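K.L.:
As input, take entry-v8.pdb (PDB, C-alpha atoms):
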ATOM      1  CA  MET U   1     151.009  61.082 113.401
ATOM      2  CA  PRO U   2     148.873  63.382 111.269
ATOM      3  CA  ASP U   3     149.242  67.087 111.708
ATOM      4  CA  ASP U   4     146.223  68.529 113.579
ATOM      5  CA  SER U   5     147.089  72.169 112.922
ATOM      6  CA  HIS U   6     144.611  72.351 110.005
ATOM      7  CA  ARG U   7     141.647  71.394 112.187
ATOM      8  CA  ARG U   8     139.258  74.067 113.325
ATOM      9  CA  THR U   9     138.290  74.522 116.894
ATOM     10  CA  SER U  10     134.651  74.149 117.832
ATOM     11  CA  SER U  11     134.201  77.911 118.284
ATOM     12  CA  GLU U  12     135.601  78.574 114.787
ATOM     13  CA  THR U  13     133.248  75.981 113.322
ATOM     14  CA  GLU U  14     130.221  77.493 115.059
ATOM     15  CA  ARG U  15     131.059  80.980 113.820
ATOM     16  CA  SER U  16     131.567  79.855 110.229
ATOM     17  CA  THR U  17     128.364  77.783 110.135
ATOM     18  CA  VAL U  18     125.330  79.853 109.274
ATOM     19  CA  ARG U  19     122.236  78.589 110.988
ATOM     20  CA  ARG U  20     119.134  79.222 108.946
ATOM     21  CA  SER U  21     115.616  78.977 110.204
ATOM     22  CA  HIS U  22     113.583  76.057 108.889
ATOM     23  CA  TYR U  23     110.544  78.332 108.688
ATOM     24  CA  PHE U  24     111.832  80.149 105.599
ATOM     25  CA  PRO U  25     112.149  78.481 102.185
ATOM     26  CA  ARG U  26     115.711  77.993 100.977
ATOM     27  CA  THR U  27     115.155  77.615  97.243
ATOM     28  CA  ARG U  28     113.467  79.675  94.549
ATOM     29  CA  ASP U  29     110.849  76.973  94.042
ATOM     30  CA  GLY U  30     110.230  76.931  97.777
ATOM     31  CA  TRP U  31     109.546  80.661  97.768
ATOM     32  CA  ILE U  32     107.235  80.324  94.772
ATOM     33  CA  ALA U  33     105.286  77.502  96.416
ATOM     34  CA  THR U  34     105.020  79.350  99.723
ATOM     35  CA  VAL U  35     103.894  82.663  98.257
ATOM     36  CA  LEU U  36     101.459  80.998  95.857
ATOM     37  CA  PHE U  37      99.972  78.847  98.621
ATOM     38  CA  LEU U  38      99.560  81.810 100.970
ATOM     39  CA  ALA U  39      98.030  83.981  98.237
ATOM     40  CA  LEU U  40      95.532  81.298  97.243
ATOM     41  CA  PHE U  41      94.722  80.574 100.861
ATOM     42  CA  ALA U  42      94.130  84.282 101.522
ATOM     43  CA  LEU U  43      91.505  84.238  98.763
ATOM     44  CA  THR U  44      89.546  81.631 100.735
ATOM     45  CA  GLN U  45      89.341  83.750 103.880
ATOM     46  CA  PRO U  46      86.475  86.018 104.979
ATOM     47  CA  PRO U  47      87.603  89.451 103.769
ATOM     48  CA  PHE U  48      87.887  88.186 100.190
ATOM     49  CA  VAL U  49      85.114  85.614 100.267
ATOM     50  CA  HIS U  50      82.513  87.935 101.786
ATOM     51  CA  GLY U  51      83.454  90.826  99.526
ATOM     52  CA  PHE U  52      83.737  88.980  96.224
ATOM     53  CA  ALA U  53      82.336  85.468  96.237
ATOM     54  CA  ASN U  54      79.464  85.609  98.705
ATOM     55  CA  ARG U  55      76.659  85.166  96.183
ATOM     56  CA  VAL U  56      74.507  82.388  94.830
ATOM     57  CA  GLU U  57      74.181  83.379  91.162
ATOM     58  CA  PRO U  58      75.597  82.486  88.645
ATOM     59  CA  ARG U  59      75.583  78.721  89.020
ATOM     60  CA  PHE U  60      78.349  76.447  87.726
ATOM     61  CA  PHE U  61      77.391  72.808  87.133
ATOM     62  CA  GLY U  62      74.508  73.249  89.560
ATOM     63  CA  LEU U  63      76.707  74.691  92.310
ATOM     64  CA  PRO U  64      76.221  78.215  93.631
ATOM     65  CA  PHE U  65      79.060  80.582  92.771
ATOM     66  CA  LEU U  66      80.443  80.548  96.322
ATOM     67  CA  TYR U  67      80.856  76.775  96.353
ATOM     68  CA  ALA U  68      82.358  76.672  92.865
ATOM     69  CA  TYR U  69      84.768  79.490  93.794
ATOM     70  CA  LEU U  70      85.930  77.707  96.933
ATOM     71  CA  LEU U  71      86.158  74.348  95.145
ATOM     72  CA  VAL U  72      88.459  75.800  92.486
ATOM     73  CA  LEU U  73      90.653  77.494  95.087
ATOM     74  CA  TYR U  74      90.940  74.384  97.248
ATOM     75  CA  PHE U  75      91.884  72.283  94.220
ATOM     76  CA  ALA U  76      94.502  74.906  93.354
ATOM     77  CA  LEU U  77      95.878  74.720  96.908
ATOM     78  CA  ILE U  78      96.131  70.947  96.661
ATOM     79  CA  GLY U  79      97.815  71.362  93.266
ATOM     80  CA  VAL U  80     100.472  73.635  94.779
ATOM     81  CA  LEU U  81     101.168  71.068  97.493
ATOM     82  CA  ILE U  82     101.455  68.244  94.949
ATOM     83  CA  TRP U  83     103.769  70.392  92.800
ATOM     84  CA  ALA U  84     105.963  71.099  95.831
ATOM     85  CA  VAL U  85     106.199  67.406  96.731
ATOM     86  CA  ARG U  86     107.106  66.424  93.162
ATOM     87  CA  ARG U  87     109.830  69.088  93.063
ATOM     88  CA  ASN U  88     111.202  67.870  96.430
ATOM     89  CA  ILE U  89     110.914  71.280  97.996
TER
END
Show me this structure written as structure tokens.
P.N.:
Amino acid sequence: MPDDSHRRTSSETERSTVRRSHYFPRTRDGWIATVLFLALFALTQPPFVHGFANRVEPRFFGLPFLYAYLLVLYFALIGVLIWAVRRNI
């Protein structure tokens, strides 16, 4: 018979196992992706958009500045998500 004295009890296992929330990133790349995504997304919201980008002139490729600004930011957001998927974050 094998010796069972080296086995941990269930209470010892639960105390030694650290349970981490799945809401917080666990890797450096995860933190970078999360902070970058939230920062870019914040730039698309009303306090920033109405204060900085809410204008028609100048035009970029026929688009008013507001639409070009939002288009660039949304492409950047999609780029962050693609980068995170490729890095398996």
K.L.:
Can you measure atom CA of U:Asp29 to atom CA of U:Gly79 for me? One decimal in Å is fine.
P.N.:
14.2 Å
K.L.:
Here's the selection I'm unsure about, the PyMOL selection byres ((chain U and resi 71-75) around 12); applied to the file above, which residues does it give, as a compact mmCIF listing (two decimals) with C-alpha atoms, keeping the file's coordinate frame?
P.N.:
# COMPACT_ATOMS: atom_id res chain seq x y z
CA LEU U 36 101.46 81.00 95.86
CA PHE U 37 99.97 78.85 98.62
CA LEU U 38 99.56 81.81 100.97
CA ALA U 39 98.03 83.98 98.24
CA LEU U 40 95.53 81.30 97.24
CA PHE U 41 94.72 80.57 100.86
CA ALA U 42 94.13 84.28 101.52
CA LEU U 43 91.50 84.24 98.76
CA THR U 44 89.55 81.63 100.74
CA GLN U 45 89.34 83.75 103.88
CA VAL U 49 85.11 85.61 100.27
CA ALA U 53 82.34 85.47 96.24
CA PHE U 60 78.35 76.45 87.73
CA PHE U 61 77.39 72.81 87.13
CA LEU U 63 76.71 74.69 92.31
CA PRO U 64 76.22 78.22 93.63
CA PHE U 65 79.06 80.58 92.77
CA LEU U 66 80.44 80.55 96.32
CA TYR U 67 80.86 76.78 96.35
CA ALA U 68 82.36 76.67 92.86
CA TYR U 69 84.77 79.49 93.79
CA LEU U 70 85.93 77.71 96.93
CA ALA U 76 94.50 74.91 93.35
CA LEU U 77 95.88 74.72 96.91
CA ILE U 78 96.13 70.95 96.66
CA GLY U 79 97.82 71.36 93.27
CA VAL U 80 100.47 73.64 94.78
CA LEU U 81 101.17 71.07 97.49
CA ILE U 82 101.46 68.24 94.95
K.L.:
Distance atom CA of U:Gly30-atom CA of U:Trp83, one decimal place?
P.N.:
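Taking atom CA of U:Gly30 and atom CA of U:Trp83, their separation equals 10.5 Å.
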K.L.:
Give me the box for stretch 38-56 of chain U as JSON, namely the centre and edge lengths in Å to one decimal of a box along x, y and z that holds every listed atom plus 8 Å on each side.
P.N.:
{"center_x": 87.0, "center_y": 85.7, "center_z": 99.9, "size_x": 41.1, "size_y": 26.3, "size_z": 26.1}
K.L.:
Atom CA of U:Arg19 and atom CA of U:Arg87, how far apart in Å?
P.N.:
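We find that atom CA of U:Arg87 and atom CA of U:Arg19 lie 23.8 Å from each other.
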K.L.:
Between U:Ala33, U:His50, U:Arg28, U:Pro58, which residue has the minimum interatomic distance to U:Arg86, considering only C-alpha atoms?
P.N.:
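Comparing U:Ala33, U:His50, U:Arg28, U:Pro58 against U:Arg86, the winner is U:Ala33.
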